[in-house]
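Single-structure report; data block below.
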Amino acid sequence: MLSAEAMGDTPHLLLVDDERSIREPLAQYLTRQGFRVTQAGDAESARTRLAAYAIDLVILDIMMPGEDGLSLCRHIAASSDTPVILLTAKAEETDRIVGLEMGADDYVVKPFSPRELATRAKVVLRRLTAGGSRQHAPESGSYAFAGWVLKTGERALVDREGVSVPLSTGEYNLLFALVTRPRQVLTRDQLLDLTQGREAAAFDRAIDNQVSRLRKKIEPDPKNPDIIKTVWGGGYTLAAEVTRL
Amino acid sequence: MIRIWPRSLAGQMALLVALALFVAQAINFAMLLRERRQIALEQVAGPAATRFVDAIERMAQGRPIRTDRGRVRLLAASPVRVHAPDEPAIASTLRGALIESGVPVGRIDTAIVPFDQSDDFARRLPARRRAWLQENGATLVIALQRPGGQWLVQRLPWVRRDPGLVWRLAGQTGVLFVVLLLPVLWIARRLSLPLRQLTAAAEQFGAGDPPAPLSADGPDDIARLIAAFNALTLRVRAMLDEKDRMLGAIGHDLRTPLAALRVRIESVDDDTDRARMADTVDEMNRTLDDILSLARLGRPSEPMTETDLAALVDAVVEDFRDLGAPVEFVEADRLPLRIRPSLMRRAVRNLIENAVKYGGGAIVRIEPSPRRVAIVVEDDGPGIPPDRLDDVFDPFTRLETSRNRDTGGIGLGLALARAIAREAGGDVTLTNRPGGGLAATVVLTR
């Protein structure tokens with residue numbers, strides 16, 4: 001499916017939330033931000049509108065009376081390529097994992113900044129245009145590389161001895177971007193793109209800084225890195241075999 | 001008395017049964033002794049009376065009683081000295097027997113003197129009996145005063161004590177004890193085993209997954225107790241679940257209007273106003289998060305994980321630095337510890353957040369020692385008056401000096417940090433640094 005952005009149109013969002021007090025001002029805001037917004041108050045009318053319009057992105061509230069957002073999300077993921085951003089009231093780990101396993105591309109926790117939501121919507125749409133591949137597929141699960149295991153559910157890095165090594169938000173996002181694209185050379189710009197939009201924090205710090213911090217944590221010899229290699233004039237690459245667990 | 005009284009049910013029951021048996025046997029023994037004495041007295045007094053009556057009849061018939069021969073002899077004076085040990089019961093029993101036979105009775109003297117092999121009554125005894133009496137017996141001397149002032153005297157064997165009796169008693173008690181002890185221990189085990197399981201279940205209650213209900217073993221009373229405990233567990237669990245559901249509902253119900261507000265804020269034109277409103281909503285949301293976390297802390301959903309504490313603190317500090325907060329981490333070696341990583345992150349984050357808010361920045365160190373690990377968050381702020389250092393941990397209390405909205409907050413962050421540390425078997429303490437500023441310390445046991 002071609003994205004609307006690629007066709008030069010304004011992207012068409014479907015905003016599904018039973019709370020009118022959130023839905024209406026949000027729709028107004030997103031319209032001002034240059035999106036075309038169609039609203040739906042429940043899962044049923046969302047299905048109708050999905051069938052009626054060429055929707056580029058669904059913004060979906062999880063907690064809704066009747067059929068809930070997760071179930072609708074599963075339906076969308078199974079029946080189309082339309083990306084989904086979930087609106088969740090809980091920041092609990094389990095919700096995050098469940099949401100991403102249901103095929104969502106991203107999520108924001110209520111109360112969210114509409115600005116941030118707009119940014120993420122753009123990032124998701126841009127990813128779709130750039131690579132054509134959805135992000136949710138490799139999102140959940142664990143990745144083993146060079147003796148380490150990156151667990152995305154718990155957002156933890158586990159060493160050979162089974163000791164979990166916590167990462168800062170910036171470090172996690174960077175490592176996640178590298179691990180899901182092993183042996184690909186990623187420029188600093190691409191890395192910035194890939195790591196931004198996940199969390200509000202860690203936008204402005206230089207990628208180089210994060211890389212050197214990560215190297216200190218995972219490289220046997222951080223001065224002569226074997227895992228995260230610098231590509232001269234290009235960027236960075238993960239020079240290790242990655243196995244999905 | 002320190003270690004004599006056993007602490008376990010089985011031990012106490014065994015000891016009590018042993019004591020009760022001993023007392024019962026002692027009473028039996030005393031009664032047995034009394035009876036034996038009575039029999040012994042009668043055995044002595046009966047024949048002695050007969051012989052005296054016989055002798056008196058013989059005297060009445062004019063037949064002489066010898067002074068140096070025969071079972072009964074006639075002496076001019078009582079052979080019993082005043083202070084010789086006597087047996088008054090013999091005298092009274094004998095007196096009764098003599099009066100019954102119609103003999104006028106004067107004084108009766110009795111004395112127990114050492115056994116003498118050469119006594120003629122002794123010579124008539126079998127050798128074994130003689131030897132036994134030599135060991136355990138004595139000679140009883142009974143002197144009966146006749147109306148003429150003369151004394152009729154008998155010498156008889158007298159059993160002083162029976163050493164075998166004590167041993168027989170001890171043996172009997174021992175046999176009883178062993179026979180009783182086995183069932184006592186069996187019933188005590190039947191009681192204490194389910195009780196111990198119950199204790200363990202009660203101690204484990206609350207931590208982690210709901211345990212399987214205990215099987216209602218043991219005697220009826222215990223089984224009923226266990227059944228009641230299982231029912232109680234279910235009720236408490238149901239209440240805790242209900243609490244979680246309610247907190248979730250509260251969270252959702254408050255977050256929705258908060259989210260609506262947050263969306264509407266974006267249409268405020270004034271940049272400063274908009275930023276302030278957004279900050280306020282964020283703060284309300286954080287407080288809501290803290291309240292929900294604090295309320296849920298009794299049943300943490302996150303499992304304990306072996307985690308590098310140094311990397312954890314480093315990551316938290318890094319998140320602050322990413323947002324531009326002046327927070328420094330003094331590098332530390334790898335320090336694996338069993339903790340709940342997300343909760344611990346939150347505790348450390350709350351402490352650093354306070355330091356940044358009130359102290360303008362933080363220096364974070366890890367101080368490992370063999371038994372404990374301390375995470376120290378230091379700031380250069382004004383500190384806290386020494387008498388209020390503990391108060392700031394109480395949820396929803398604010399310091400007098402920082403009551404205004406901008407710097408006050410509600411101190412829930414500290415309460416949550418302490419609750420998290422305590423749940424992990426540690427604590428959070430605050431101290432004013434000698435050079436000024438505050439030091440917040442999380443102490444964890446390794």
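Ligands are numbered from 1 in the order shown, chains are lettered A, B, ... in the order of the structure tokens, and residues start at 1 in each chain.
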Residues of chain A within 7 Å of chain B, counting only C-alpha atoms - could you list those as a CSV table (one decimal) with N, CA and C atoms, in the first residue's frame?
chain,number,residue,atom,x,y,z
A,21,SER,N,-14.0,14.4,25.2
A,21,SER,CA,-13.2,15.5,25.7
A,21,SER,C,-11.7,15.4,25.3
A,22,ILE,N,-11.3,14.2,24.9
A,22,ILE,CA,-9.9,14.1,24.4
A,22,ILE,C,-9.9,14.1,22.8
A,25,PRO,N,-10.6,17.9,20.8
A,25,PRO,CA,-9.5,18.8,20.8
A,25,PRO,C,-8.3,18.2,20.1
A,26,LEU,N,-8.1,16.9,20.3
A,26,LEU,CA,-6.9,16.3,19.7
A,26,LEU,C,-7.1,16.3,18.1
A,89,ALA,N,-3.6,4.3,29.1
A,89,ALA,CA,-3.7,5.0,30.3
A,89,ALA,C,-2.7,4.5,31.3
A,110,LYS,N,-1.1,8.2,28.4
A,110,LYS,CA,-1.9,9.4,28.8
A,110,LYS,C,-1.5,9.9,30.1
A,111,PRO,N,-1.4,11.1,30.4
A,111,PRO,CA,-1.7,12.2,29.5
A,111,PRO,C,-0.4,12.5,28.7
A,112,PHE,N,-0.6,12.6,27.4
A,112,PHE,CA,0.5,12.8,26.4
A,112,PHE,C,0.5,14.2,25.9
A,113,SER,N,1.6,14.6,25.4
A,113,SER,CA,1.7,15.9,24.8
A,113,SER,C,1.2,15.7,23.3
A,114,PRO,N,0.2,16.5,22.8
A,114,PRO,CA,-0.2,16.3,21.5
A,114,PRO,C,0.9,16.5,20.5
A,163,VAL,N,23.1,-11.6,34.6
A,163,VAL,CA,22.8,-10.3,35.4
A,163,VAL,C,22.3,-9.3,34.4
A,164,SER,N,21.2,-8.7,34.8
A,164,SER,CA,20.6,-7.7,34.0
A,164,SER,C,21.3,-6.3,34.2
A,165,VAL,N,21.6,-5.7,33.0
A,165,VAL,CA,22.4,-4.4,33.0
A,165,VAL,C,21.4,-3.3,32.5
A,166,PRO,N,20.9,-2.5,33.5
A,166,PRO,CA,20.0,-1.5,33.0
A,166,PRO,C,20.6,-0.5,32.1
A,167,LEU,N,19.8,0.0,31.1
A,167,LEU,CA,20.3,1.0,30.1
A,167,LEU,C,19.5,2.3,30.3
A,168,SER,N,20.1,3.4,30.0
A,168,SER,CA,19.3,4.6,30.0
A,168,SER,C,18.4,4.6,28.7
A,169,THR,N,17.4,5.4,28.7
A,169,THR,CA,16.5,5.4,27.6
A,169,THR,C,17.2,5.6,26.3
A,201,ALA,N,12.5,11.8,26.0
A,201,ALA,CA,13.9,12.1,26.4
A,201,ALA,C,14.9,11.8,25.3
A,202,ALA,N,16.1,12.2,25.5
A,202,ALA,CA,17.3,11.7,24.8
A,202,ALA,C,17.2,12.1,23.3
A,205,ARG,N,21.1,14.6,22.6
A,205,ARG,CA,22.5,14.2,22.9
A,205,ARG,C,23.1,13.6,21.7
- request: Using DSSP on the backbone coordinates, identify all residues within range 24-199 of chain A classified as helix (DSSP H, G or I); present the result as a PyMOL selection string.
  value: chain A and resi 24-32+43-52+69-79+93-101+114-131+169-179+188-195
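Distance check against Leu32 in chain B using only C-alpha atoms: of B:Gln204, B:Leu444, B:Val166, B:Asp220, the minimum falls on B:Val166.
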task: Quote the spacing between CA of Ser92 in chain B and CA of Ala26 in chain B in Å to one decimal place.
output: 28.1 Å
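Counting only C-alpha atoms, Asp61 in chain A has the following residues at most 6 Å away, ignoring those fewer than 2 positions along the same chain: Asp17, Met63, Gly69, Leu86 and Leu87 of chain A.
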task: Can you pull out every residue within 10 Å of Gln145 in chain B, counting only C-alpha atoms, but drop anything in the same chain fewer than 5 positions away, and send it as an MDAnalysis selection string?
output: chainID B and resid 74:78 104:109 150:153
What would the file look like if the residues just selected were written as a PDB file, in the first residue's frame with N, CA and C atoms?
ATOM      1  N   LEU B  74      12.483 -61.321 130.797  1.00  0.00           N
ATOM      2  CA  LEU B  74      11.999 -60.488 131.883  1.00  0.00           C
ATOM      3  C   LEU B  74      13.176 -59.736 132.482  1.00  0.00           C
ATOM      4  N   LEU B  75      13.126 -58.404 132.453  1.00  0.00           N
ATOM      5  CA  LEU B  75      14.247 -57.624 132.987  1.00  0.00           C
ATOM      6  C   LEU B  75      13.764 -56.720 134.087  1.00  0.00           C
ATOM      7  N   ALA B  76      14.688 -56.269 134.868  1.00  0.00           N
ATOM      8  CA  ALA B  76      14.332 -55.429 136.019  1.00  0.00           C
ATOM      9  C   ALA B  76      14.131 -53.986 135.582  1.00  0.00           C
ATOM     10  N   ALA B  77      14.851 -53.594 134.557  1.00  0.00           N
ATOM     11  CA  ALA B  77      14.722 -52.199 134.089  1.00  0.00           C
ATOM     12  C   ALA B  77      14.553 -52.182 132.566  1.00  0.00           C
ATOM     13  N   SER B  78      13.980 -51.100 132.028  1.00  0.00           N
ATOM     14  CA  SER B  78      13.813 -51.005 130.563  1.00  0.00           C
ATOM     15  C   SER B  78      15.172 -50.878 129.911  1.00  0.00           C
ATOM     16  N   PRO B 104      -3.643 -55.715 131.134  1.00  0.00           N
ATOM     17  CA  PRO B 104      -3.395 -54.335 131.580  1.00  0.00           C
ATOM     18  C   PRO B 104      -2.021 -53.875 131.105  1.00  0.00           C
ATOM     19  N   VAL B 105      -2.011 -52.685 130.549  1.00  0.00           N
ATOM     20  CA  VAL B 105      -0.762 -52.235 129.917  1.00  0.00           C
ATOM     21  C   VAL B 105      -0.210 -51.027 130.655  1.00  0.00           C
ATOM     22  N   GLY B 106       1.038 -51.061 130.929  1.00  0.00           N
ATOM     23  CA  GLY B 106       1.701 -49.891 131.525  1.00  0.00           C
ATOM     24  C   GLY B 106       2.454 -49.161 130.431  1.00  0.00           C
ATOM     25  N   ARG B 107       3.708 -48.806 130.735  1.00  0.00           N
ATOM     26  CA  ARG B 107       4.497 -48.112 129.729  1.00  0.00           C
ATOM     27  C   ARG B 107       4.998 -49.081 128.666  1.00  0.00           C
ATOM     28  N   ILE B 108       5.042 -48.629 127.429  1.00  0.00           N
ATOM     29  CA  ILE B 108       5.690 -49.430 126.384  1.00  0.00           C
ATOM     30  C   ILE B 108       6.819 -48.596 125.811  1.00  0.00           C
ATOM     31  N   ASP B 109       8.017 -49.128 125.896  1.00  0.00           N
ATOM     32  CA  ASP B 109       9.163 -48.448 125.268  1.00  0.00           C
ATOM     33  C   ASP B 109       9.566 -49.200 124.012  1.00  0.00           C
ATOM     34  N   GLN B 150       8.593 -54.748 136.704  1.00  0.00           N
ATOM     35  CA  GLN B 150       9.514 -55.461 135.831  1.00  0.00           C
ATOM     36  C   GLN B 150       9.175 -55.182 134.380  1.00  0.00           C
ATOM     37  N   TRP B 151      10.099 -55.558 133.486  1.00  0.00           N
ATOM     38  CA  TRP B 151       9.883 -55.292 132.056  1.00  0.00           C
ATOM     39  C   TRP B 151       9.971 -56.575 131.248  1.00  0.00           C
ATOM     40  N   LEU B 152       8.978 -56.778 130.407  1.00  0.00           N
ATOM     41  CA  LEU B 152       9.052 -57.890 129.448  1.00  0.00           C
ATOM     42  C   LEU B 152       9.648 -57.324 128.157  1.00  0.00           C
ATOM     43  N   VAL B 153      10.652 -57.962 127.652  1.00  0.00           N
ATOM     44  CA  VAL B 153      11.384 -57.402 126.495  1.00  0.00           C
ATOM     45  C   VAL B 153      11.436 -58.399 125.354  1.00  0.00           C
TER      46      VAL B 153
END
- prompt: Using only C-alpha atoms, which residues sit within 9 Å of range 29-46 of chain A once same-chain residues fewer than 3 positions away are excluded, as an MDAnalysis selection string?
  reply: (chainID A and resid 10:20 23:26 49:51 55 64:69 71:72 114:115 117:118) or (chainID B and resid 263:264 266:267)
Can those selected residues be exported to a file as a compact mmCIF listing (two decimals), in the first residue's frame so that it contains N, CA and C atoms?
# COMPACT_ATOMS: atom_id res chain seq x y z
N THR A 10 -2.16 14.99 2.11
CA THR A 10 -2.05 15.04 3.56
C THR A 10 -2.39 13.66 4.10
N PRO A 11 -1.59 13.20 5.08
CA PRO A 11 -1.87 11.87 5.63
C PRO A 11 -3.24 11.85 6.31
N HIS A 12 -3.93 10.73 6.13
CA HIS A 12 -5.26 10.59 6.70
C HIS A 12 -5.22 9.74 7.96
N LEU A 13 -5.54 10.38 9.10
CA LEU A 13 -5.52 9.65 10.37
C LEU A 13 -6.92 9.27 10.77
N LEU A 14 -7.03 8.08 11.39
CA LEU A 14 -8.29 7.72 12.04
C LEU A 14 -8.05 7.78 13.54
N LEU A 15 -8.79 8.63 14.23
CA LEU A 15 -8.61 8.81 15.67
C LEU A 15 -9.77 8.12 16.38
N VAL A 16 -9.43 7.05 17.13
CA VAL A 16 -10.46 6.26 17.81
C VAL A 16 -10.33 6.44 19.31
N ASP A 17 -11.29 7.11 19.92
CA ASP A 17 -11.29 7.28 21.38
C ASP A 17 -12.73 7.53 21.81
N ASP A 18 -13.15 6.83 22.86
CA ASP A 18 -14.53 7.02 23.31
C ASP A 18 -14.70 8.33 24.07
N GLU A 19 -13.58 8.91 24.55
CA GLU A 19 -13.66 10.15 25.31
C GLU A 19 -13.70 11.34 24.36
N ARG A 20 -14.89 11.94 24.28
CA ARG A 20 -15.03 13.08 23.37
C ARG A 20 -14.13 14.23 23.82
N ARG A 23 -10.89 13.36 22.29
CA ARG A 23 -10.89 13.12 20.85
C ARG A 23 -11.03 14.43 20.05
N GLU A 24 -11.99 15.26 20.47
CA GLU A 24 -12.28 16.44 19.65
C GLU A 24 -11.16 17.47 19.64
N PRO A 25 -10.64 17.87 20.84
CA PRO A 25 -9.52 18.83 20.79
C PRO A 25 -8.30 18.24 20.11
N LEU A 26 -8.09 16.93 20.28
CA LEU A 26 -6.93 16.30 19.66
C LEU A 26 -7.07 16.32 18.13
N ARG A 49 -15.30 3.13 9.21
CA ARG A 49 -14.50 4.19 8.57
C ARG A 49 -13.23 3.61 7.94
N LEU A 50 -12.67 2.57 8.58
CA LEU A 50 -11.49 1.92 7.99
C LEU A 50 -11.83 1.37 6.60
N ALA A 51 -13.05 0.84 6.50
CA ALA A 51 -13.47 0.27 5.22
C ALA A 51 -13.77 1.37 4.20
N ILE A 55 -7.18 4.94 5.06
CA ILE A 55 -6.57 5.47 6.29
C ILE A 55 -5.06 5.16 6.28
N MET A 64 -11.70 1.13 25.92
CA MET A 64 -12.96 1.63 25.38
C MET A 64 -14.06 0.66 25.78
N PRO A 65 -15.24 1.19 26.03
CA PRO A 65 -16.35 0.27 26.31
C PRO A 65 -16.67 -0.54 25.05
N GLY A 66 -17.23 -1.72 25.24
CA GLY A 66 -17.49 -2.59 24.09
C GLY A 66 -16.19 -3.25 23.66
N GLU A 67 -15.99 -3.39 22.37
CA GLU A 67 -14.74 -3.96 21.88
C GLU A 67 -13.61 -3.00 22.20
N ASP A 68 -12.54 -3.53 22.86
CA ASP A 68 -11.51 -2.60 23.29
C ASP A 68 -10.46 -2.39 22.20
N GLY A 69 -9.55 -1.45 22.46
CA GLY A 69 -8.57 -1.06 21.47
C GLY A 69 -7.64 -2.18 21.06
N SER A 71 -8.21 -5.36 20.86
CA SER A 71 -8.86 -6.29 19.93
C SER A 71 -8.97 -5.67 18.54
N LEU A 72 -9.31 -4.37 18.50
CA LEU A 72 -9.39 -3.69 17.22
C LEU A 72 -8.01 -3.61 16.56
N PRO A 114 0.23 16.47 22.83
CA PRO A 114 -0.25 16.31 21.45
C PRO A 114 0.89 16.52 20.46
N ARG A 115 1.80 17.41 20.83
CA ARG A 115 2.95 17.67 19.98
C ARG A 115 3.76 16.39 19.78
N LEU A 117 2.69 13.34 20.16
CA LEU A 117 1.91 12.39 19.38
C LEU A 117 2.04 12.70 17.88
N ALA A 118 2.00 13.99 17.55
CA ALA A 118 2.12 14.37 16.15
C ALA A 118 3.49 13.96 15.60
N VAL B 263 -4.37 17.98 26.18
CA VAL B 263 -4.58 18.22 24.75
C VAL B 263 -5.04 19.66 24.52
N ARG B 264 -5.95 20.11 25.39
CA ARG B 264 -6.49 21.46 25.23
C ARG B 264 -5.44 22.53 25.47
N GLU B 266 -2.64 22.73 24.44
CA GLU B 266 -1.90 23.03 23.21
C GLU B 266 -2.50 24.20 22.43
N SER B 267 -3.77 24.52 22.70
CA SER B 267 -4.36 25.63 21.96
C SER B 267 -4.17 26.97 22.67
Identify all residues of range 17-137 of chain A in strand (DSSP E or B) (DSSP on the backbone) and supply them as an mmCIF file with N, CA and C atoms, in the first residue's frame.
data_model
loop_
_atom_site.group_PDB
_atom_site.id
_atom_site.type_symbol
_atom_site.label_atom_id
_atom_site.label_comp_id
_atom_site.auth_asym_id
_atom_site.auth_seq_id
_atom_site.Cartn_x
_atom_site.Cartn_y
_atom_site.Cartn_z
ATOM 1 N N ARG A 36 -5.128 15.027 7.899
ATOM 2 C CA ARG A 36 -6.563 14.931 7.722
ATOM 3 C C ARG A 36 -7.043 13.931 8.768
ATOM 4 N N VAL A 37 -8.042 14.318 9.587
ATOM 5 C CA VAL A 37 -8.429 13.475 10.717
ATOM 6 C C VAL A 37 -9.879 13.053 10.598
ATOM 7 N N THR A 38 -10.087 11.743 10.687
ATOM 8 C CA THR A 38 -11.433 11.208 10.805
ATOM 9 C C THR A 38 -11.582 10.644 12.212
ATOM 10 N N GLN A 39 -12.734 10.918 12.850
ATOM 11 C CA GLN A 39 -12.922 10.473 14.226
ATOM 12 C C GLN A 39 -13.854 9.274 14.315
ATOM 13 N N ALA A 40 -13.605 8.460 15.364
ATOM 14 C CA ALA A 40 -14.535 7.369 15.655
ATOM 15 C C ALA A 40 -14.638 7.234 17.158
ATOM 16 N N LEU A 57 -2.975 5.997 9.029
ATOM 17 C CA LEU A 57 -2.508 5.680 10.389
ATOM 18 C C LEU A 57 -3.701 5.733 11.331
ATOM 19 N N VAL A 58 -3.754 4.731 12.244
ATOM 20 C CA VAL A 58 -4.830 4.716 13.232
ATOM 21 C C VAL A 58 -4.254 5.101 14.587
ATOM 22 N N ILE A 59 -4.871 6.065 15.246
ATOM 23 C CA ILE A 59 -4.519 6.391 16.635
ATOM 24 C C ILE A 59 -5.653 5.863 17.484
ATOM 25 N N LEU A 60 -5.295 4.943 18.397
ATOM 26 C CA LEU A 60 -6.309 4.073 18.983
ATOM 27 C C LEU A 60 -6.200 4.047 20.505
ATOM 28 N N ASP A 61 -7.303 4.348 21.174
ATOM 29 C CA ASP A 61 -7.362 4.265 22.638
ATOM 30 C C ASP A 61 -7.568 2.809 23.033
ATOM 31 N N VAL A 84 -0.500 1.479 13.534
ATOM 32 C CA VAL A 84 -1.344 1.851 14.683
ATOM 33 C C VAL A 84 -0.478 2.463 15.777
ATOM 34 N N ILE A 85 -0.915 3.579 16.334
ATOM 35 C CA ILE A 85 -0.314 4.110 17.562
ATOM 36 C C ILE A 85 -1.371 3.995 18.650
ATOM 37 N N LEU A 86 -0.973 3.349 19.767
ATOM 38 C CA LEU A 86 -1.931 3.128 20.852
ATOM 39 C C LEU A 86 -1.872 4.271 21.855
ATOM 40 N N LEU A 87 -3.041 4.637 22.363
ATOM 41 C CA LEU A 87 -3.123 5.559 23.492
ATOM 42 C C LEU A 87 -3.428 4.707 24.712
ATOM 43 N N THR A 88 -2.539 4.710 25.701
ATOM 44 C CA THR A 88 -2.778 3.872 26.863
ATOM 45 C C THR A 88 -2.773 4.717 28.127
ATOM 46 N N ASP A 106 3.534 1.899 17.788
ATOM 47 C CA ASP A 106 4.035 2.758 18.843
ATOM 48 C C ASP A 106 2.899 2.981 19.833
ATOM 49 N N TYR A 107 3.223 3.644 20.919
ATOM 50 C CA TYR A 107 2.176 3.926 21.891
ATOM 51 C C TYR A 107 2.552 5.208 22.603
ATOM 52 N N VAL A 108 1.587 5.919 23.122
ATOM 53 C CA VAL A 108 1.858 7.031 24.034
ATOM 54 C C VAL A 108 0.994 6.832 25.273
ATOM 55 N N VAL A 109 1.554 7.276 26.408
ATOM 56 C CA VAL A 109 0.872 7.095 27.678
ATOM 57 C C VAL A 109 0.132 8.374 28.022
#
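Neighbours of Lys229 in chain A closer than or equal to 8 Å, with only C-alpha atoms counted and sequence neighbours fewer than 4 positions away skipped, come out as Pro225, Tyr236, Thr237, Leu238 and Ala239 of chain A.
Excluding Glu367 in chain B itself and any same-chain residue fewer than 3 positions from it, the protein and nucleic acid residues within 9 Å of it, counting only C-alpha atoms, are Ala332, Arg372, Val373, Ala374, Ile375 and Val376 of chain B.
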task: Have a look at CA of Ile222 in chain B and CA of Gln197 in chain B and let me know their distance in Å, one decimal.
output: 11.3 Å
